[in-house]
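Written out below as C-alpha cells is the structure these notes cover.
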Amino acid sequence: MYICQICKKNPATIHLTDIHNNVKKEVHLCAGCAAEKGFNMQSAASLPQLLGIKAKKQSTEEPRPNRFAPEEDIICPKCGYRWSDFKNKGRLGCSEDYHAFREKLRPLIANQLSATPIGPGPLHRGKYPGKKSSVDPVTREIRNLELDLRRAVDEERYEDAARIKSELRELRGYAGTPAKAADKTELN
Amino acid sequence: MKIDDCLHRDGEWLKGAGPHCAIAVSTRVRLARNLARRRFPTHPDHSDRRKVLDEIKDAFEKTPSGPAFTWYELDGQMPIDRRILMERHLISRELAEGSGPRAVAFDEPESVAVMANEEDHLRMQCLRSGLRLREAFDCVNQLDDDLSGRLAYAFDPVYGYLTSCPTNVGTGLRVSVMLHLPALVMTQHIEKVFRAVYEMRMAVRGFYGEGTEAYGELYQISNQVTCGRTEEDILADMEATIQSVILYEEKARRELAGNAKNRLEDRIWRSWGALKNARLMSSEEAMRHLSSLRLGLVMGMMNKFELRDLQRLFLLSQPAHLQRIKGRELDSDARDAERAEFLRKRLGPEAN
C-alpha cells in the first residue's frame with residue numbers, strides 16, 4: 001500500500017501514471033489531498049478504472065482518457081492490466097482489454113491489415129464460433145485450379161494449361177451469384 | 001504416458017511424403033483461441049490457469065477425437081522430457097520453458113497437438129508432411145468446431161477471436177510451411193526470397209519457430225496477417241507464395257545440376273565424409289551435413305537410404321533425443337562426441 005505523497009499520512013487511494021519519453025512517473029495521493037489539488041472526483045471517467053481495482057459491475061461505458069494523467073495509462077476494469085503493461089510486454093491481460101484499450105489498439109491492428117487507413121466497422125472477416133467454416137468448396141476449387149494453371153504455364157505444359165483454363169471457366173460460371181449470396185448468409 | 005514411447009515413432013512431419021516433399025518438409029496450421037471470462041495466460045495473476053486447464057481438458061475429452069489423445073501436463077516434468085516434445089514440434093519453446101499449470105494433448109501419429117496455457121489458452125495445431133495446407137487446416141478446423149460447442153470462446157464481432165497478442169487476433173490462424181532451400185542458399189538467392197516473402201506480409205522463421213535459427217537450410221514461412229481476411233484467403237495466399245518459392249528452389253537446383261555439378265557433388269560427398277568420419281559433431285554441423293545429404297538424395301545424386309530414414313536423423317541428433325537414446329545427461333562436449341558416434345553408426349557400413 002502506498003502513503004499519500006503530499007500529506008505523507010493517509011493511505012493513497014489515487015494512483016496516477018505518466019509516461020514521458022519512455023520514463024514512467026507514478027503519483028500516489030489520498031482522496032483529500034487529491035481534492036485539494038483540484039482533482040474533481042466526479043468527472044473521473046470511471047473510478048474503478050482510475051484506481052485499478054475490479055469493478056463490481058462491468059462498466060458498459062466506453063473508457064475515456066483519464067484527464068488527470070498528462071499521458072494517460074488506461075487500466076482494464078476487468079483484469080487491472082494497464083496499457084503500459086501491454087507496451088512493455090506486447091501481450092494483453094484478458095479479452096476485455098480489447099474494449100478497454102480500443103482507442104489505442106484498433107489503429108495498431110488496422111495497420112497490420114493494410115497500409116491504407118481502414119474506416120470504422122468490423123475488421124474480422126473469418127469464422128464465427130459455433131458456425132461452420134466460411135470456406136466455400138467451389139471457391140476453394142477455383143483457387144486450386146488457378147494455382148495449377150500458374151504452375152502448368154511456368155513449366156510450359158501448355159496442353160494441361162488449356163484443360164485447366166476450360167475447367168476454370170466452367171467453375172466460375174457455376175460459382176456466380178448463388179455462391180456469394182451463400183457467403184453473405186454465413187456471415188450475417 | 002512415458003515420453004520414451006515417442007522415441008520409437010516417427011512424427012507425422014518426418015514422413016518425407018506428401019506433395020512437393022523434395023522441398024516442402026512439413027505443413028503446420030494452428031488456431032489460437034481463448035476462453036471468455038478468463039485472464040489470458042500472459043496476465044501476471046495466474047490464479048485462473050488451473051481452472052482453464054481443467055475446463056479445456058474436460059471439453060477436449062468429450063470431443064469425438066479426444067479419447068484417442070494423450071493429455072500430458074508439463075508442470076513438474078523433467079526439462080529433458082519437455083525438450084523432447086519441443087524437438088518433436090509438439091510444443092513450442094515457450095511452453096517447454098514456461099512455468100505453472102500447462103499441458104499438451106497429442107494423438108499417436110503426432111499429427112495433431114493442442115497446447116493449453118501457452119501464450120493463449122488454446123493453441124491447436126495440425127502437422128502434415130509435404131505441402132498440404134488445406135488438409136491440415138480442415139483437420140484443425142474440425143477440432144475447433146468440436147470444441148467451440150463445449151467452450152465459450154473469447155470472440156468479438158469487430159476483432160474476431162481475441163488473443164493475448166494482437167498480432168494473432170481475428171482468425172487466430174497461423175499457417176507455416178517448413179521448406180528445405182539449400183540451392184537458394186548456395187546460389188545466394190535466398191535473401192531475394194526473404195524480401196519477396198516479407199513484401200507479401202509473411203514471415204521467415206527458423207527451425208523451431210519464432211526467434212530461432214534456420215539450421216540445416218530449413219526455413220519456416222508463415223503468414224503475418226491474421227485479421228481482416230477469411231481463413232480461405234490466408235490459405236490461398238500462402239499456397240501461392242509457397243508454390244512460387246518451391247518453383248524458385250527447383251530452378252536453382254536445376255541450375256546447380258547444369259552449371260555447377262562438381263560443386264554440388266563435392267558438397268554432398270564432403271558431408272557424407274564428415275558424417276561417416278567425424279569424432280565431434282555439433283547439432284548445427286550435423287544439420288548442415290544432413291541437409292546436404294537430403295539434397296543429394298532428392299536430386300538422385302546418392303541413393304543410400306530413404307528420405308524418411310534421413311529425416312529421422314535430423315530429429316534423433318537433437319540434444320534431448322540424443323541424451324534420451326544414450327540414457328544419461330550429457331554436457332555439450334560429450335553430446336558432440338556421442339552425436340558423431342551415433343551418426344557414424346547410423347550411416348554405418350550397411351548404408352555404404
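Residues are referred to by chain and number: the chain letter is A, B, ... according to the order shown in the C-alpha cells, the number counts from 1 in that chain, and ligands are numbered separately from 1 in the order shown.
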Item to check | 9 Å contact set for segment 82-88 of chain A, only C-alpha atoms, chain neighbours under 5 positions out, as a PyMOL selection string | outcome: chain A and resi 19+52+72-76+93+97+100-101+104
Next on the checklist: Show me, as a PyMOL selection string, every residue of chain B with an atom at most 8 Å from chain A, counting only C-alpha atoms.
Outcome noted: chain B and resi 36-44+141+145+148-149+153-155+157-160+162-167+170-171+225+227-232+236+240
Checklist entry - Would you give me, as an NGL selection string, the residues in segment 90-174 of chain A that DSSP reads as alpha helix (DSSP H)? => result :A and (97-100 or 102-113 or 137-154 or 158-174)
Checklist entry - Between atom CA of Trp71 of chain B and atom CA of Phe314 of chain B, what is the distance, to one decimal in Å? => result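 That distance, rounded to one decimal, is 26.1 Å.
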Next on the checklist: Between atom CA of Met200 of chain B and atom CA of Thr241 of chain B, what distance in Å does the model show, to one decimal?
Outcome noted: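 Taking atom CA of Met200 of chain B as the start and atom CA of Thr241 of chain B as the end point, the length is 8.1 Å.
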Item to check | Distance query Ile3 of chain A at most 10 Å, only C-alpha atoms, self and fewer than 5 positions along chain excluded, as a list in words | outcome: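 In the requested form, the answer reads Lys8, Lys9, Asn10, Pro11, Ala12, Thr13, His28, Leu29 and Cys30 of chain A.
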Item to check | For atom CA of Phe69 of chain B and atom CA of Ala17 of chain B, the interatomic separation in Å (one decimal) | outcome: 23.5 Å
Item to check | DSSP strand (DSSP E or B) residues within segment 189-268 of chain B, as a PyMOL selection string | outcome: chain B and resi 202-206+209+218-223
Item to check | 8 Å contact set for segment 266-269 of chain B, only C-alpha atoms, chain neighbours under 4 positions out, as a list in words | outcome: Asn262, Gly273, His289, Ser292, Leu293, Leu295 and Gly296 of chain B
Checklist entry - Which residues come within 12 Å of Leu131 of chain B, counting only C-alpha atoms, excluding same-chain residues fewer than 3 positions away, as a PyMOL selection string? => result chain B and resi 13+16-29+127-128+134-137+175-180+221+235+238-243+246
Item to check | Spatial neighbours of Leu7 of chain B, max dist 9 Å, only C-alpha atoms, sep filter under 4 positions, as a list in words | outcome: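 In the requested form, the answer reads Ile3, Ile84, Leu316, His321, Arg324 and Ile325 of chain B.
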Write out the residues from the selection above, keeping all heavy atoms, as an mmCIF file, in the first residue's frame.
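As a result, selection_3.cif now contains:
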```cif
data_model
loop_
_atom_site.group_PDB
_atom_site.id
_atom_site.type_symbol
_atom_site.label_atom_id
_atom_site.label_comp_id
_atom_site.auth_asym_id
_atom_site.auth_seq_id
_atom_site.Cartn_x
_atom_site.Cartn_y
_atom_site.Cartn_z
ATOM 1 N N ILE B 3 7.488 -40.501 -22.027
ATOM 2 C CA ILE B 3 7.971 -39.797 -23.217
ATOM 3 C C ILE B 3 8.765 -40.753 -24.102
ATOM 4 O O ILE B 3 8.778 -40.629 -25.318
ATOM 5 C CB ILE B 3 8.833 -38.579 -22.795
ATOM 6 C CG1 ILE B 3 7.923 -37.520 -22.162
ATOM 7 C CG2 ILE B 3 9.610 -37.993 -23.946
ATOM 8 C CD1 ILE B 3 6.963 -36.832 -23.100
ATOM 9 N N ILE B 84 12.125 -32.841 -25.352
ATOM 10 C CA ILE B 84 11.859 -33.847 -26.380
ATOM 11 C C ILE B 84 10.575 -33.499 -27.142
ATOM 12 O O ILE B 84 10.530 -33.553 -28.366
ATOM 13 C CB ILE B 84 11.807 -35.265 -25.758
ATOM 14 C CG1 ILE B 84 13.242 -35.738 -25.536
ATOM 15 C CG2 ILE B 84 11.037 -36.249 -26.643
ATOM 16 C CD1 ILE B 84 13.395 -37.096 -24.944
ATOM 17 N N LEU B 316 16.752 -37.240 -34.343
ATOM 18 C CA LEU B 316 17.449 -38.007 -33.308
ATOM 19 C C LEU B 316 18.786 -37.387 -32.913
ATOM 20 O O LEU B 316 19.319 -37.682 -31.848
ATOM 21 C CB LEU B 316 17.639 -39.460 -33.760
ATOM 22 C CG LEU B 316 16.340 -40.252 -33.977
ATOM 23 C CD1 LEU B 316 16.652 -41.671 -34.440
ATOM 24 C CD2 LEU B 316 15.485 -40.291 -32.716
ATOM 25 N N HIS B 321 16.900 -35.671 -27.642
ATOM 26 C CA HIS B 321 16.734 -37.030 -28.173
ATOM 27 C C HIS B 321 18.018 -37.834 -28.007
ATOM 28 O O HIS B 321 17.987 -38.998 -27.606
ATOM 29 C CB HIS B 321 16.309 -36.974 -29.647
ATOM 30 C CG HIS B 321 14.834 -36.815 -29.830
ATOM 31 N ND1 HIS B 321 14.201 -35.603 -29.727
ATOM 32 C CD2 HIS B 321 13.851 -37.725 -30.073
ATOM 33 C CE1 HIS B 321 12.903 -35.769 -29.915
ATOM 34 N NE2 HIS B 321 12.647 -37.052 -30.124
ATOM 35 N N ARG B 324 18.455 -38.910 -24.496
ATOM 36 C CA ARG B 324 17.481 -39.938 -24.138
ATOM 37 C C ARG B 324 17.892 -41.300 -24.686
ATOM 38 O O ARG B 324 17.760 -42.331 -24.024
ATOM 39 C CB ARG B 324 16.104 -39.522 -24.665
ATOM 40 C CG ARG B 324 14.963 -39.979 -23.789
ATOM 41 C CD ARG B 324 15.355 -39.714 -22.363
ATOM 42 N NE ARG B 324 14.455 -40.349 -21.435
ATOM 43 C CZ ARG B 324 13.496 -39.707 -20.801
ATOM 44 N NH1 ARG B 324 13.316 -38.427 -20.989
ATOM 45 N NH2 ARG B 324 12.713 -40.340 -19.965
ATOM 46 N N ILE B 325 18.410 -41.268 -25.926
ATOM 47 C CA ILE B 325 18.848 -42.526 -26.544
ATOM 48 C C ILE B 325 20.025 -43.101 -25.756
ATOM 49 O O ILE B 325 20.115 -44.298 -25.510
ATOM 50 C CB ILE B 325 19.241 -42.283 -28.024
ATOM 51 C CG1 ILE B 325 17.979 -41.928 -28.835
ATOM 52 C CG2 ILE B 325 19.927 -43.494 -28.624
ATOM 53 C CD1 ILE B 325 18.275 -41.303 -30.166
#
```
